[in-house]
Structure formats: structure tokens, C-alpha cells
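**Student:** Sending over a structure as C-alpha cells; questions will come in a sec.
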Amino acid sequence: MNEFLTAKNNAVFGQSPTTNRKVMVEYSSPNTNKPLHLGHVRNILLGHSISEILKACGNEVIKSTLVNDRGIHICKSMLAWQKFGNGETPARSGLKGDHLVGKYYVEFDKAYKAEIKNLVAIENISEEDAAKKSLLMKEAQQMLLDWEAGKLDVIELWKMMNGWVYDGFDASYKMLGVTFDKTYYESNTYLLGKTAVEEGLQQGVFEKEIDNSVWVDLTADGLDRKVLQRKDGTSVYITQDIGTAQLKYDDYKMDESIYVVGNEQDYHFKVLQLILKKLGKPYADGIYHMSYGMVELPNGKMKSREGTVVDADDLMGEMIASAKSTTEELGKVEGLSEVEKEKLFYTIGMGALKYFLLKVDPKKKMLFNPAESIDFHGHTGPFIQYTHARICSILRKNTITRQSLEDSLKGYALHPLEKKLIQEIYLFPIKILEAGKEHNPSVVANYAFNLAKEFNHFYAELSVLKSDNEKEIQFRLHLVEMVATVIKKSMLLLGIDVPEKM
RNA sequence: GGUUCCGUAGCUCAGUUGGAUAGAGCAUCAGCCUUCUAAGCUGGGGGUCUUUGGUUCGAAUCCAAACGGAAUCACCA
């Protein structure tokens, strides 16, 4: 009871005092050759949510993303566009920029496969040999070399097409309601890490082979030997990551650096952290790989090249459309302006999608069945949103003059259902801290569901406004108001908005 | 083959610092709208927590093995 009083009077209930810790969260980190898909959406929502949760735990949070804007993949799109694009632009075709570039990535793959098939048939060679002879691939590789050499026309083309992609991504991010404080571009960072290679060689942590390639031996730690620099002196993925880790630390001197990256890279991050430790980097221990499971479809994994991906923009559009039809069927749109309606459909549709992806433990792989659209009933975002709207409705309909909670409490005997609600509310800050510690937003998601469920139970059994006992009304108004506040705050930690009417 | 992760109801998931009859949602069956929004509520049926062994007063939870599934072990990123 006293806890409830302090909680209710605390405007920032749930927010922990500052820890003076600085945390960087890197998430999304897309390639610029294709649009975002459902897997990215899970990544992005996890990154956004854990950032909000860590803020609530009292940390200073820097949200960052590392755009993979260079490499052979983008060259493939560029080349295909040059060859088959006929000057198509997003403005002219009306196609979203990232989708347009993705289209040519697929075009490249088609043409490449056709070429291979042809070579195999005509020259009677193996697919492997055909791949080596592929002119298309050679052209793409040449384009990458030209890019690295700074050849003007290639750079111009690269800038233009990446620009299209960024416009597309910006629209998707806006739809998802996420932002970044800092964007790193791989085109600026891919050469970093060379100094780290020198450092490692000097310290004797790395070793150089006769062919000039540089390696690190991790067999003593139960891992393998790993190449860090090719014999031609160019760096590999992990080397770039070593350099980028240093850059991030130089920029922000953060205590913890979280990488929201799929669990297929578990090994990579183990190696990265170990190498940084061996190099004696002070920030090595602060690196945390927030590893999450893949989103699978009923017939297996999503593969961009095979077209078995669930496109992020399509999915968001479908969710909003089905929120619209469901809401209209229920006849809940009367009295709303067009603008309010659109906002409501958006809030509900995105709420359903976001909750669906965040309610499961990030570590676990999850199943998405496109045939069964995401539900709006039961353990879902809209259920929790609906609970909030119900409480708002009660508060709107109230006509009596409100008393302070202190006054309403005097001599008031709690009903068991009221007690349970208070107990549930009391858990809120504890759950946030747990979610932050475990790097697990689903803790908050499940908490919000339990609270909403508990409230609906209360709502079915007891009445707030229909009572002869004014003291009871006074107290229950405070109680349900607090439930609404906590639901709203919980959902905001997940990046989900809650409507006042639905 | 090595390493890592996973296996709980028909389906999707909670629960795992060891503790009482293992919980939700979906689906299914039976009820509840003249009463603060039925996107809701109540109840029924549905589980040898993959299997076997061990530790323990006590195991879904800890240990070992087996079986089943996934990821990874690239001079790709």
C-alpha cells in the first residue's frame, strides 16, 4: 500500500537513477543492395527496445548503426542497373529506392546464373569452373577495384544508388519509429584495423606467414586459427570490425558496447572479443553480442536470392491494412477524423507486429507464418493497447471531483483483486532492471501482458464508476490510472504506442 | 567430425539463482454484452516438460550420455 503511494506519486516510476554508465547499442546495420526484410525488423526492434530499456535503467545510451555500403554486393546491383536499367530512377518508376536497387541485385543474380548455365552447357565444364570464367562476376569485381581506386564514374554511380537506398531505409525506419544517434559507414571504416594488425604483430599476438598473410592463433582458447589480412594486404571482415571497435571507443569511451547481430555470428563475436583482449584493449570486456535467433518461415529460412523473404515494407503495409479492416468490422471508427483513423490503424497494426516480434526471448529462433496473419486477440499488442483504451474510457467518463490518493486511501480496505493489481504494478521497475541486465525486452513484453490480463480480470469483476461508495470510486480511479500509466510506459519501452480509444 | 545453441499441450510461447496440484495465447467445446469499450471475461478437455542415468529431502530447472533439430568452424560480409 505504501509502495503504491510512492509509486503513484513518482512521475518517473520505473526510471532508475543514473548509473553514470555509457552504453552503445549498434543495430540494424543493413547492406545497401536490397530492402529490409522481416529479419532486419526483428533486429531493429530489439535494438531500439533494449536501448530504451537501458535508458530506463539509468544508462546513457548511444544508438548507432554501421551501414555496409561498399563491397561486391552493391557492385552487383550497380552493374546490373548499368546493363539493364535503362536509366530507371525511383522518381521515374515510383519504386522505393531500396526496392529499386534490390531489384537489380536480383537481376544480376539471374543473369549470372544464366551465364553459368550457358557456360556449363557450351563448354562442358563444372559449375565451379564456370563461376571462375563468368564475365559478369569479373566485371563486378573490376567495379569493386575501380571503386577502391576512386574511379570517378563508379563513385558517382555508387553515391547515386546508395542515396536511393538511404531514402528507402529512412522511410522504413520512420515507419518503425526508430532513430540513430550515430551512423558509421563501412566505406569509411573498412581500412581501419590495419593499424591493429601492425600492433598485433609488434606485440607478437599475430603472426605473419611467408606469403605475407597475417594470422592469429586461437587454438589455445579452443578456437581456430583465423586470417586477419590476406596475402595481398587487404583486410577481412573481422579486421574491419577490430578497427571499428577502436573507432567507436575513441568516439565515445563507452563502458559497454552492444552489437545486435544474429546468432549465426556467435563465433565471429567470440573471436572478435578474444582478439581485442589479446591486444590488451580496455574496452574488450565491455563488448556484448546481443545474439538473436533467426526468423524462420514454415518452409525454412528466408533467402534473399531465392525470393523467400518477407519484405519489411510489404509486411508493415499488410499489418496496417488488416488493423483497418478489423477496426472497421468492429465498428470502432465512428467519430474519428480521417487523420485520427489513419493514425489508429497505424498504431494498432504496428503494435501487433512489434509485439509479435518482441514477446519471444531474443535468443530463440522464431517462426513466422505468412499464411496466418499476426493475431489481434490474446497474447498480442492490440490486447494490451485495448486494455489501455478501456482505462482511458473510464477516466474520460468520470464526473466526480478527484481527491488525492492519500485521502482516498484513509480507512480503505483493499479488495483482493485490487491488491493483486498493486502487486503487479510494484514489479514494474524490477522487471525493467531484469530486462536490462538480461538484455531481453521480452521480459517487459510479458510483464505488460500480465498486467493487462490482471486488469481485465479486475474489470470484469468490479466496477470503478458504478458504485455508491465514493471512497471506492476515488481509490479505483487512482488505481486504474496507474495501471494505464504503467502499461503505456512498458509499451513505450518496446517502441509501441498505445491509443486512448480503439 | 569439432564447437555452440535448442527440444515444455495439436500449434506458438512463458516458466530454468532447484521448492507445493508445470502456466499463457491460438485452436477446440460450454457459458457471459438493457450494467465503466466483448480486440474482453469465466469454465472444460488437452502435458510420462525428447529419452535414460546421476546429484538432492526435493529436478522442467543442475550434471552425464543418447536421440532429434539449428548455427558455425571462409583469404564472404
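Naming scheme: A, B, ... for chains in displayed order of the C-alpha cells; residues 1 onward per chain; ligands 1 onward as shown.
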So which residues touch segment 225-231 of chain A within 8 Å, counting only C-alpha atoms (C1' of nucleotides), skipping near sequence neighbours fewer than 2 positions away, as a compact mmCIF listing (two decimals) with C-alpha atoms (C1' of nucleotides), in the first residue's frame?

**Tutor:**
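The resulting file, around-v9.txt, is reproduced below:
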# COMPACT_ATOMS: atom_id res chain seq x y z
CA VAL A 197 47.28 -5.63 -37.41
CA ASP A 211 53.07 -15.49 -48.19
CA ASN A 212 52.58 -12.25 -46.22
CA SER A 213 49.15 -13.13 -44.84
CA VAL A 214 48.56 -12.32 -41.17
CA TRP A 215 47.01 -14.77 -38.73
CA VAL A 216 46.03 -15.10 -35.12
CA ASP A 217 46.24 -18.44 -33.40
CA LEU A 218 43.32 -19.00 -31.05
CA THR A 219 43.68 -22.76 -30.72
CA LEU A 223 39.00 -21.75 -31.28
CA GLY A 233 47.41 -6.88 -47.86
CA THR A 234 43.65 -6.33 -47.88
CA SER A 235 41.70 -6.86 -44.70
CA VAL A 236 38.88 -9.26 -43.98
CA ILE A 238 36.99 -9.32 -38.65
CA THR A 239 39.87 -6.91 -39.19
C1' C B 75 41.75 -15.13 -47.73

**Student:** Per residue of chain B within 10 Å of chain A, note the shortest atom pair and the distance in Å to one decimal, counting only C-alpha atoms (C1' of nucleotides), and order the rows by chain and increasing residue number, as a Markdown table.

**Tutor:**
| residue | atom | partner | partner_atom | distance |
| --- | --- | --- | --- | --- |
| B:G2 | C1' | A:Leu223 | CA | 9.6 |
| B:U3 | C1' | A:Leu223 | CA | 7.9 |
| B:U4 | C1' | A:Asp266 | CA | 7.9 |
| B:C5 | C1' | A:Asn263 | CA | 8.8 |
| B:C6 | C1' | A:Lys364 | CA | 7.8 |
| B:U12 | C1' | A:Leu367 | CA | 8.0 |
| B:C13 | C1' | A:Val360 | CA | 6.9 |
| B:A14 | C1' | A:Asn446 | CA | 8.0 |
| B:A24 | C1' | A:His379 | CA | 7.7 |
| B:G25 | C1' | A:His379 | CA | 5.0 |
| B:C26 | C1' | A:Gly378 | CA | 7.8 |
| B:U35 | C1' | A:Lys466 | CA | 8.5 |
| B:C36 | C1' | A:Ile394 | CA | 5.3 |
| B:U37 | C1' | A:Arg390 | CA | 5.8 |
| B:A39 | C1' | A:His377 | CA | 5.7 |
| B:G40 | C1' | A:Asn456 | CA | 7.1 |
| B:C41 | C1' | A:Ala460 | CA | 5.8 |
| B:U42 | C1' | A:Ala460 | CA | 9.6 |
| B:A70 | C1' | A:Lys365 | CA | 8.9 |
| B:A71 | C1' | A:Glu264 | CA | 5.4 |
| B:U72 | C1' | A:Tyr267 | CA | 6.4 |
| B:C73 | C1' | A:Asp224 | CA | 7.6 |
| B:A74 | C1' | A:Val227 | CA | 9.7 |
| B:C75 | C1' | A:Arg230 | CA | 5.0 |
| B:C76 | C1' | A:Tyr237 | CA | 8.3 |
| B:A77 | C1' | A:Tyr237 | CA | 6.2 |

**Student:** Please return as a ChimeraX atom specification: the residues of segment 70-295 of chain A that backbone DSSP assigns to helix (DSSP H, G or I).

**Tutor:** /A:72-84,90-93,97-123,127-133,135-148,152-176,186-189,194-203,219-221,237-252,263-278,284-286

**Student:** Figure out the distance between atom C1' of C29 of chain B and atom C1' of G10 of chain B, please, to one decimal in Å.

**Tutor:**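 Separation of atom C1' of G10 of chain B and atom C1' of C29 of chain B: 14.9 Å.
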
**Student:** Between A:Tyr27, A:Met160, A:His40, A:Gln142, which is the closest to Tyr184 of chain A once you count only C-alpha atoms?

**Tutor:**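 Of the candidates, the smallest distance to Tyr184 of chain A is held by A:Tyr27.
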
**Student:** Would you pick out the contacts of segment 33-38 of chain A at 8 Å or less, using only C-alpha atoms (C1' of nucleotides), so that residues sharing its chain but fewer than 3 positions from it are not included, and give the list as a list in words?

**Tutor:**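 Non-adjacent residues within range: Pro30, Val41, Arg42, His73, Ile74, Ser77, Asp98, His99, Val101, Gly102, Lys103, Tyr105, Val165, Gly168, Phe169, Val295, Val309, Val310, Asp311, Ala312, Asp313 and Leu315 of chain A.
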
**Student:** Take the selection from the previous step and output its residues with N, CA, C and O atoms, as a PDB file, in the first residue's frame.

**Tutor:**
ATOM      1  N   PRO A  30      22.389  -2.527 -42.036  1.00  0.00           N
ATOM      2  CA  PRO A  30      21.984  -3.209 -43.262  1.00  0.00           C
ATOM      3  C   PRO A  30      23.024  -3.136 -44.371  1.00  0.00           C
ATOM      4  O   PRO A  30      23.941  -2.311 -44.320  1.00  0.00           O
ATOM      5  N   VAL A  41      13.754  -6.426 -39.306  1.00  0.00           N
ATOM      6  CA  VAL A  41      12.762  -5.809 -38.421  1.00  0.00           C
ATOM      7  C   VAL A  41      12.953  -6.327 -36.995  1.00  0.00           C
ATOM      8  O   VAL A  41      12.915  -5.553 -36.038  1.00  0.00           O
ATOM      9  N   ARG A  42      13.179  -7.616 -36.862  1.00  0.00           N
ATOM     10  CA  ARG A  42      13.427  -8.149 -35.517  1.00  0.00           C
ATOM     11  C   ARG A  42      14.669  -7.486 -34.913  1.00  0.00           C
ATOM     12  O   ARG A  42      14.655  -7.062 -33.761  1.00  0.00           O
ATOM     13  N   HIS A  73      28.602  -6.818 -53.195  1.00  0.00           N
ATOM     14  CA  HIS A  73      27.142  -6.909 -53.322  1.00  0.00           C
ATOM     15  C   HIS A  73      26.547  -5.662 -53.965  1.00  0.00           C
ATOM     16  O   HIS A  73      25.696  -5.751 -54.847  1.00  0.00           O
ATOM     17  N   ILE A  74      27.023  -4.496 -53.526  1.00  0.00           N
ATOM     18  CA  ILE A  74      26.472  -3.267 -54.104  1.00  0.00           C
ATOM     19  C   ILE A  74      26.967  -3.102 -55.551  1.00  0.00           C
ATOM     20  O   ILE A  74      26.242  -2.610 -56.415  1.00  0.00           O
ATOM     21  N   SER A  77      24.563  -4.829 -57.888  1.00  0.00           N
ATOM     22  CA  SER A  77      23.388  -4.010 -58.192  1.00  0.00           C
ATOM     23  C   SER A  77      23.735  -2.909 -59.183  1.00  0.00           C
ATOM     24  O   SER A  77      22.988  -2.644 -60.132  1.00  0.00           O
ATOM     25  N   ASP A  98      15.226   1.665 -52.150  1.00  0.00           N
ATOM     26  CA  ASP A  98      15.872   0.421 -51.733  1.00  0.00           C
ATOM     27  C   ASP A  98      15.317  -0.779 -52.512  1.00  0.00           C
ATOM     28  O   ASP A  98      16.042  -1.727 -52.814  1.00  0.00           O
ATOM     29  N   HIS A  99      14.049  -0.683 -52.876  1.00  0.00           N
ATOM     30  CA  HIS A  99      13.458  -1.774 -53.650  1.00  0.00           C
ATOM     31  C   HIS A  99      13.990  -1.778 -55.081  1.00  0.00           C
ATOM     32  O   HIS A  99      14.206  -2.842 -55.663  1.00  0.00           O
ATOM     33  N   VAL A 101      16.985  -0.736 -56.075  1.00  0.00           N
ATOM     34  CA  VAL A 101      18.341  -1.273 -56.063  1.00  0.00           C
ATOM     35  C   VAL A 101      18.309  -2.787 -55.826  1.00  0.00           C
ATOM     36  O   VAL A 101      19.057  -3.542 -56.445  1.00  0.00           O
ATOM     37  N   GLY A 102      17.410  -3.222 -54.969  1.00  0.00           N
ATOM     38  CA  GLY A 102      17.254  -4.652 -54.705  1.00  0.00           C
ATOM     39  C   GLY A 102      16.831  -5.401 -55.954  1.00  0.00           C
ATOM     40  O   GLY A 102      17.263  -6.528 -56.196  1.00  0.00           O
ATOM     41  N   LYS A 103      16.008  -4.765 -56.748  1.00  0.00           N
ATOM     42  CA  LYS A 103      15.540  -5.369 -57.992  1.00  0.00           C
ATOM     43  C   LYS A 103      16.724  -5.696 -58.903  1.00  0.00           C
ATOM     44  O   LYS A 103      16.796  -6.776 -59.487  1.00  0.00           O
ATOM     45  N   TYR A 105      19.778  -6.133 -57.923  1.00  0.00           N
ATOM     46  CA  TYR A 105      20.596  -7.175 -57.297  1.00  0.00           C
ATOM     47  C   TYR A 105      20.082  -8.541 -57.732  1.00  0.00           C
ATOM     48  O   TYR A 105      20.857  -9.444 -58.066  1.00  0.00           O
ATOM     49  N   VAL A 165      18.903   4.127 -51.836  1.00  0.00           N
ATOM     50  CA  VAL A 165      18.679   3.149 -50.762  1.00  0.00           C
ATOM     51  C   VAL A 165      18.450   3.866 -49.427  1.00  0.00           C
ATOM     52  O   VAL A 165      17.544   3.503 -48.664  1.00  0.00           O
ATOM     53  N   GLY A 168      15.059   5.121 -49.083  1.00  0.00           N
ATOM     54  CA  GLY A 168      14.160   3.999 -48.795  1.00  0.00           C
ATOM     55  C   GLY A 168      14.243   3.558 -47.347  1.00  0.00           C
ATOM     56  O   GLY A 168      13.223   3.365 -46.674  1.00  0.00           O
ATOM     57  N   PHE A 169      15.465   3.415 -46.864  1.00  0.00           N
ATOM     58  CA  PHE A 169      15.645   2.996 -45.463  1.00  0.00           C
ATOM     59  C   PHE A 169      15.042   4.024 -44.506  1.00  0.00           C
ATOM     60  O   PHE A 169      14.411   3.666 -43.512  1.00  0.00           O
ATOM     61  N   VAL A 295      14.470 -15.469 -37.865  1.00  0.00           N
ATOM     62  CA  VAL A 295      13.040 -15.597 -38.093  1.00  0.00           C
ATOM     63  C   VAL A 295      12.873 -16.592 -39.230  1.00  0.00           C
ATOM     64  O   VAL A 295      13.384 -16.380 -40.324  1.00  0.00           O
ATOM     65  N   VAL A 309      11.772 -14.114 -49.006  1.00  0.00           N
ATOM     66  CA  VAL A 309      11.861 -13.184 -47.891  1.00  0.00           C
ATOM     67  C   VAL A 309      10.522 -12.506 -47.677  1.00  0.00           C
ATOM     68  O   VAL A 309       9.745 -12.318 -48.604  1.00  0.00           O
ATOM     69  N   VAL A 310      10.293 -12.150 -46.413  1.00  0.00           N
ATOM     70  CA  VAL A 310       9.124 -11.346 -46.104  1.00  0.00           C
ATOM     71  C   VAL A 310       9.602  -9.911 -46.058  1.00  0.00           C
ATOM     72  O   VAL A 310      10.371  -9.530 -45.178  1.00  0.00           O
ATOM     73  N   ASP A 311       9.195  -9.137 -47.034  1.00  0.00           N
ATOM     74  CA  ASP A 311       9.670  -7.757 -47.140  1.00  0.00           C
ATOM     75  C   ASP A 311       9.093  -6.894 -46.017  1.00  0.00           C
ATOM     76  O   ASP A 311       7.902  -6.960 -45.715  1.00  0.00           O
ATOM     77  N   ALA A 312       9.965  -6.085 -45.419  1.00  0.00           N
ATOM     78  CA  ALA A 312       9.557  -5.268 -44.266  1.00  0.00           C
ATOM     79  C   ALA A 312       8.456  -4.279 -44.630  1.00  0.00           C
ATOM     80  O   ALA A 312       7.458  -4.155 -43.913  1.00  0.00           O
ATOM     81  N   ASP A 313       8.607  -3.581 -45.746  1.00  0.00           N
ATOM     82  CA  ASP A 313       7.612  -2.578 -46.131  1.00  0.00           C
ATOM     83  C   ASP A 313       6.269  -3.227 -46.455  1.00  0.00           C
ATOM     84  O   ASP A 313       5.218  -2.722 -46.053  1.00  0.00           O
ATOM     85  N   LEU A 315       5.142  -6.082 -45.320  1.00  0.00           N
ATOM     86  CA  LEU A 315       4.549  -6.603 -44.092  1.00  0.00           C
ATOM     87  C   LEU A 315       3.912  -5.487 -43.270  1.00  0.00           C
ATOM     88  O   LEU A 315       2.784  -5.627 -42.780  1.00  0.00           O
TER      89      LEU A 315
END

**Student:** Based on DSSP run over this structure's backbone, return all residues of segment 118-306 of chain A in strand (DSSP E or B), as JSON, numbers by chain.

**Tutor:** {"A": [182, 183, 184, 185, 206, 207, 208, 214, 215, 216, 217, 225, 226, 227, 228, 229, 235, 256, 257, 258, 259, 260, 261, 262, 287, 288, 289, 290, 291, 292, 295, 296, 297, 300]}
